[in-house]
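A quick write-up on the structure given underneath.
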Amino acid sequence: MWSFSQIANNVHEWLGRTFSPSMALFFEMVLAGIAVIGLFALLGLVLVIMERKVSAWMQIRLGPNRVGPKGMLQSLADTLKLLVKEGLTPDGADKFLFNLAPFIAMIVAMLLMAPVAFARDFQLWDMNIGILYVSAVSSITVISILMAGWSSNNKYSLMGAMRSGAQIISYELSAGLSVLSIVVLTGSLQISEIVHSQANGWWIFKAFPTVLVSFVTFIIAVTAETNRAPFDLAEAESELTAGFHTEYSGMKFALFFLAEYVNVFIVCAIGATLFLGGWMPFHIGNWQGFNHVMDYIPSSLWFFGKTFFLIFVIMWFRWTFPRLRIDQLLTLEWKYLLPISMINLLITTAIAILGWHF
Amino acid sequence: MFVIDYIKEVWRAVKSLATGMRRTLFYFTHHREIITQQYPENRDTLNLPERFKGEVVMPHDEKNEHRCTGCTACELACPNGTIKVITKFDISPEGKKKKAIDKLVYHLELCTMCNLCIEACPSDAIKMAQTFEHSVFDRNQLTKILNNPGSKIMEGVE
């Protein structure tokens with residue numbers, strides 16, 4: 001059987017046999033780092049071309065169709081273009097913060113990769129506070145955005161960064177509350193345990209009405225947290241040129257761009273893990289035969305399928321809805337999403353205590 | 001009741017968002033009709049819309065006659081000095097002097113295709129052509145004289 005966990009185990013055993021334990025650990029860390037960076041580059045390429053194709057099809061266009069077969073190498077060509085461009089630092093900018101900001105955005109996205117379970121028993125670090133870690137680390141993103149906006153010494157950048165700050169801090173609340181409803185049902189913050197608790201059905205089906213509401217609030221909140229349309233007023237290309245990354249060019253701009261897409265991937269992976277069962281195949285209660293058939297589909301395919309479905313949903317939002325104004329944005333959070341998710345959490349807690357779910 | 005209004009509002013919002021998303025999903029899943037054109041390939045069969053604004057031209061008929069009276073309305077209407085009308089005086093057979101155009105100079109490099117000159121023209125002498133491949137190696141070629149050499153005003157256009 002070729003599964004991700006098998007490969008990881010074989011590599012681990014081979015390294016353990018060949019080198020001393022500390023050297024083996026070191027090599028494993030290096031391999032994990034290379035794997036994460038490779039996944040980053042791949043995700044950037046795939047998600048950019050996916051976004052452009054999805055947007056084109058939704059707007060009755062063809063999308064990129066020149067580079068490679070059906071334009072599938074377009075994002076590779078774009079990356080090459082960005083790599084050879086000059087990374088300009090404006091004269092009036094705070095040079096240190098200006099150059100640091102894209103790397104912080106990138107490092108945050110990389111750190112978030114750690115607890116994501118990509119396949120059965122295939123995880124970089126299965127810590128017991130996985131969900132807490134994700135919500136804690138993902139809120140560092142706002143620092144990199146504020147840093148970029150502030151150090152650019154440009155009014156557009158600063159305005160975009162301030163909007164982004166207000167937005168991320170407010171939407172963190174409802175994202176956290178909707179995640180909490182799953183934590184309440186599972187009784188654990190550990191990602192692997194959350195996935196295993198969905199072995200007899202995904203949470204979105206097991207505790208149907210309330211988890212569906214928290215799923216919808218989660219999707220809305222993470223769309224806002226990753227600064228994507230209809231909540232993209234941090235960038236708002238039609239009013240603020242490009243918001244916080246107006247002054248960035250070349251590879252530093254590409255890092256922000258990449259971090260945005262990787263963040264989208266990560267929040268969708270977390271959403272898929274919490275609500276749609278992560279790598280857990282589609283199981284229905286105790287139907288042994290059906291569950292066994294579903295187990296033949298590899299767990300990594302389940303995980304990436306669900307994640308890419310959620311990414312598609314977020315792209316679908318982007319190409320359907322118009323951008324919100326800043327007051328509408330905050331109204332939506334504080335008057336609608338927050339009260340709804342609080343009441344929803346209360347009901348979910350009652351369901352979990354009384355055991356009214358399947 | 002406040003709570004009922006609140007729930008109604010949320011319900012209406014969800015419904016209208018779902019309507020929009022159904023529309024885009026329909027377009028996404030029915031990928032047949034494409035509104036964009038594959039330009040360099042279909043150059044021979046290119047189908048531009050009727051109101052496409054490419055550049056200002058002055059139509060001439062088969063007797064090399066145009067409809068321009070030289071009134072300079074287009075020059076006055078132009079917001080960025082694209083058109084310059086150079087007039088001369090023709091001597092009619094009865095010996096009367098009559099104003100006519102010598103050259104109607106059109107700077108394509110300054111033109112924004114705003115259509116104001118065409119709307120200002122009282123005698124429909126100029127119109128927008130459906131051409132758009134304007135790049136040239138020498139920018140002097142962008143300064144065009146719209147009336148053909150030796151052309152004169154059509155009979156009956158005042």
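We name chains A, B, ... following the order of the structure tokens; residues begin at 1 in each chain, and ligands are numbered from 1 as shown.
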
Could you give me, as a PyMOL selection string, the residues within 9 Å of stretch 136-140 of chain A, counting only C-alpha atoms and dropping anything in the same chain fewer than 3 positions from it?
chain A and resi 104-105+108-109+111-112+131-133+143-144+168-169+172+225+263

Give one line per residue of stretch 113-148 of chain B that approaches stretch 40-52 of chain B to at most 12 Å, naming the two atoms of the closest pair and their distance in Å to one decimal, counting only C-alpha atoms; sort by chain then ascending residue number and deliver it as a Markdown table.
```
| residue | atom | partner | partner_atom | distance |
| --- | --- | --- | --- | --- |
| B:Met113 | CA | B:Phe52 | CA | 9.6 |
| B:Cys114 | CA | B:Phe52 | CA | 11.1 |
| B:Asn115 | CA | B:Arg51 | CA | 10.3 |
| B:Lys127 | CA | B:Arg51 | CA | 10.4 |
| B:Met128 | CA | B:Phe52 | CA | 7.6 |
| B:Ala129 | CA | B:Phe52 | CA | 7.7 |
| B:Gln130 | CA | B:Phe52 | CA | 6.0 |
| B:Thr131 | CA | B:Phe52 | CA | 8.7 |
| B:Phe132 | CA | B:Phe52 | CA | 9.4 |
| B:Glu133 | CA | B:Arg43 | CA | 10.8 |
```

Can you check which residues of chain A have any atom within 12 Å of chain B? Use only C-alpha atoms and format it as a PyMOL selection string.
chain A and resi 53-66+213+216-217+220+230+312-322+332+335-337+339-340

Which residues are near stretch 233-238 of chain A? Cut-off 6 Å, only C-alpha atoms, ignore same chain within fewer than 2 positions. Put them as a list in words.
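Contacts, in chain order: Gly160, Arg163, Ser164, Phe231, Leu240, Thr241, Ala242 and Gly243 of chain A.
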
Show me, as a compact mmCIF listing (two decimals) with N, CA and C atoms, in the first residue's frame, the residues that have an atom within 12 Å of B:Gly150 when counting only C-alpha atoms, minus same-chain residues fewer than 5 positions from it.
```
# COMPACT_ATOMS: atom_id res chain seq x y z
N HIS B 60 -16.29 59.32 -47.44
CA HIS B 60 -16.39 60.00 -48.73
C HIS B 60 -17.24 59.14 -49.65
N LYS B 63 -17.84 59.99 -55.62
CA LYS B 63 -17.34 61.17 -56.35
C LYS B 63 -16.30 61.94 -55.53
N ASN B 64 -15.75 61.29 -54.49
CA ASN B 64 -14.76 61.91 -53.61
C ASN B 64 -15.31 63.18 -52.95
N GLU B 65 -16.53 63.08 -52.47
CA GLU B 65 -17.14 64.21 -51.80
C GLU B 65 -17.45 63.84 -50.35
N HIS B 66 -17.25 64.79 -49.46
CA HIS B 66 -17.56 64.57 -48.05
C HIS B 66 -18.64 65.55 -47.63
N ILE B 101 -13.28 73.27 -45.94
CA ILE B 101 -12.09 72.79 -45.22
C ILE B 101 -10.95 72.59 -46.18
N ASP B 102 -9.78 72.95 -45.71
CA ASP B 102 -8.57 72.61 -46.45
C ASP B 102 -8.09 71.26 -45.95
N LYS B 103 -7.90 71.17 -44.63
CA LYS B 103 -7.47 69.91 -44.02
C LYS B 103 -8.22 69.77 -42.71
```

Which of stretch 1-156 of chain B counts as alpha helix (DSSP H) under DSSP, as a PyMOL selection string please?
chain B and resi 2-29+73-77+116-120

Using only C-alpha atoms, determine which residues lie at most 8 Å from B:Ile83, disregarding the query and same-chain residues fewer than 2 positions distant; provide the list as a CSV table (one decimal) with N, CA and C atoms, in the first residue's frame.
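File part.csv, as written:
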```
chain,number,residue,atom,x,y,z
B,74,CYS,N,-16.6,70.2,-34.2
B,74,CYS,CA,-15.9,69.1,-33.6
B,74,CYS,C,-14.6,69.6,-32.9
B,75,GLU,N,-13.9,70.6,-33.5
B,75,GLU,CA,-12.7,71.1,-32.8
B,75,GLU,C,-13.1,71.7,-31.5
B,78,CYS,N,-14.0,68.9,-28.8
B,78,CYS,CA,-13.0,68.0,-28.4
B,78,CYS,C,-12.3,68.4,-27.1
B,81,GLY,N,-8.0,68.6,-27.6
B,81,GLY,CA,-7.4,69.2,-28.8
B,81,GLY,C,-6.9,68.1,-29.8
B,85,VAL,N,-9.2,71.9,-37.4
B,85,VAL,CA,-9.8,72.2,-38.7
B,85,VAL,C,-9.1,73.4,-39.3
B,104,LEU,N,-8.6,68.6,-42.4
B,104,LEU,CA,-9.1,68.3,-41.1
B,104,LEU,C,-8.1,67.3,-40.4
B,105,VAL,N,-7.3,67.9,-39.5
B,105,VAL,CA,-6.2,67.2,-39.0
B,105,VAL,C,-6.7,66.5,-37.7
B,106,TYR,N,-6.4,65.2,-37.6
B,106,TYR,CA,-6.8,64.4,-36.5
B,106,TYR,C,-5.6,63.7,-35.8
B,107,HIS,N,-5.4,64.0,-34.6
B,107,HIS,CA,-4.3,63.4,-33.8
B,107,HIS,C,-4.8,62.1,-33.1
```

What is the atom CA of A:Ala117-atom CA of A:Ser192 distance in Å, reported with one decimal?
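Computed distance, atom CA of A:Ala117 to atom CA of A:Ser192, equals 7.2 Å.
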
Can you tell me, as a list of chain:residue names, what residues are no more than 10 Å from A:Leu146 when counting only C-alpha atoms, ignoring any on the same chain fewer than 5 positions away?
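Here the qualifying residues turn out to be A:Ala101, A:Thr141, A:Ser151, A:Ser152, A:Ser157, A:Leu158, A:Met159, A:Gly160, A:Ala161, A:Met162, A:Arg163, A:Ser164, A:Gly165, A:Phe244.
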
Give me, please, the distance in Å between atom CA of A:Ile219 and atom CA of A:Asn128, quoted to one decimal.
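The value is 24.1 Å.
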
Pick out the residues sitting within 7 Å of A:Ala272, and hand them over as a list in words; count only C-alpha atoms, and ignore anything fewer than 4 positions along from it in its own chain.
Cys268, Leu276, Gly277, Gly278, Lys306 and Thr307 of chain A

Residues from the last selection, C-alpha atoms, saved as an mmCIF file, in the first residue's frame:
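Okay, part_18.cif is ready:
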```cif
data_model
loop_
_atom_site.group_PDB
_atom_site.id
_atom_site.type_symbol
_atom_site.label_atom_id
_atom_site.label_comp_id
_atom_site.auth_asym_id
_atom_site.auth_seq_id
_atom_site.Cartn_x
_atom_site.Cartn_y
_atom_site.Cartn_z
ATOM 1 C CA CYS A 268 -10.331 25.589 3.939
ATOM 2 C CA LEU A 276 -16.442 17.698 6.770
ATOM 3 C CA GLY A 277 -14.285 15.099 8.464
ATOM 4 C CA GLY A 278 -10.800 15.934 7.163
ATOM 5 C CA LYS A 306 -12.987 18.487 0.474
ATOM 6 C CA THR A 307 -10.421 21.250 0.802
#
```

Provide the atom CA of B:Ala100 to atom CA of B:Asp124 distance in Å, to one decimal place.
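These atoms are spaced 15.5 Å apart.
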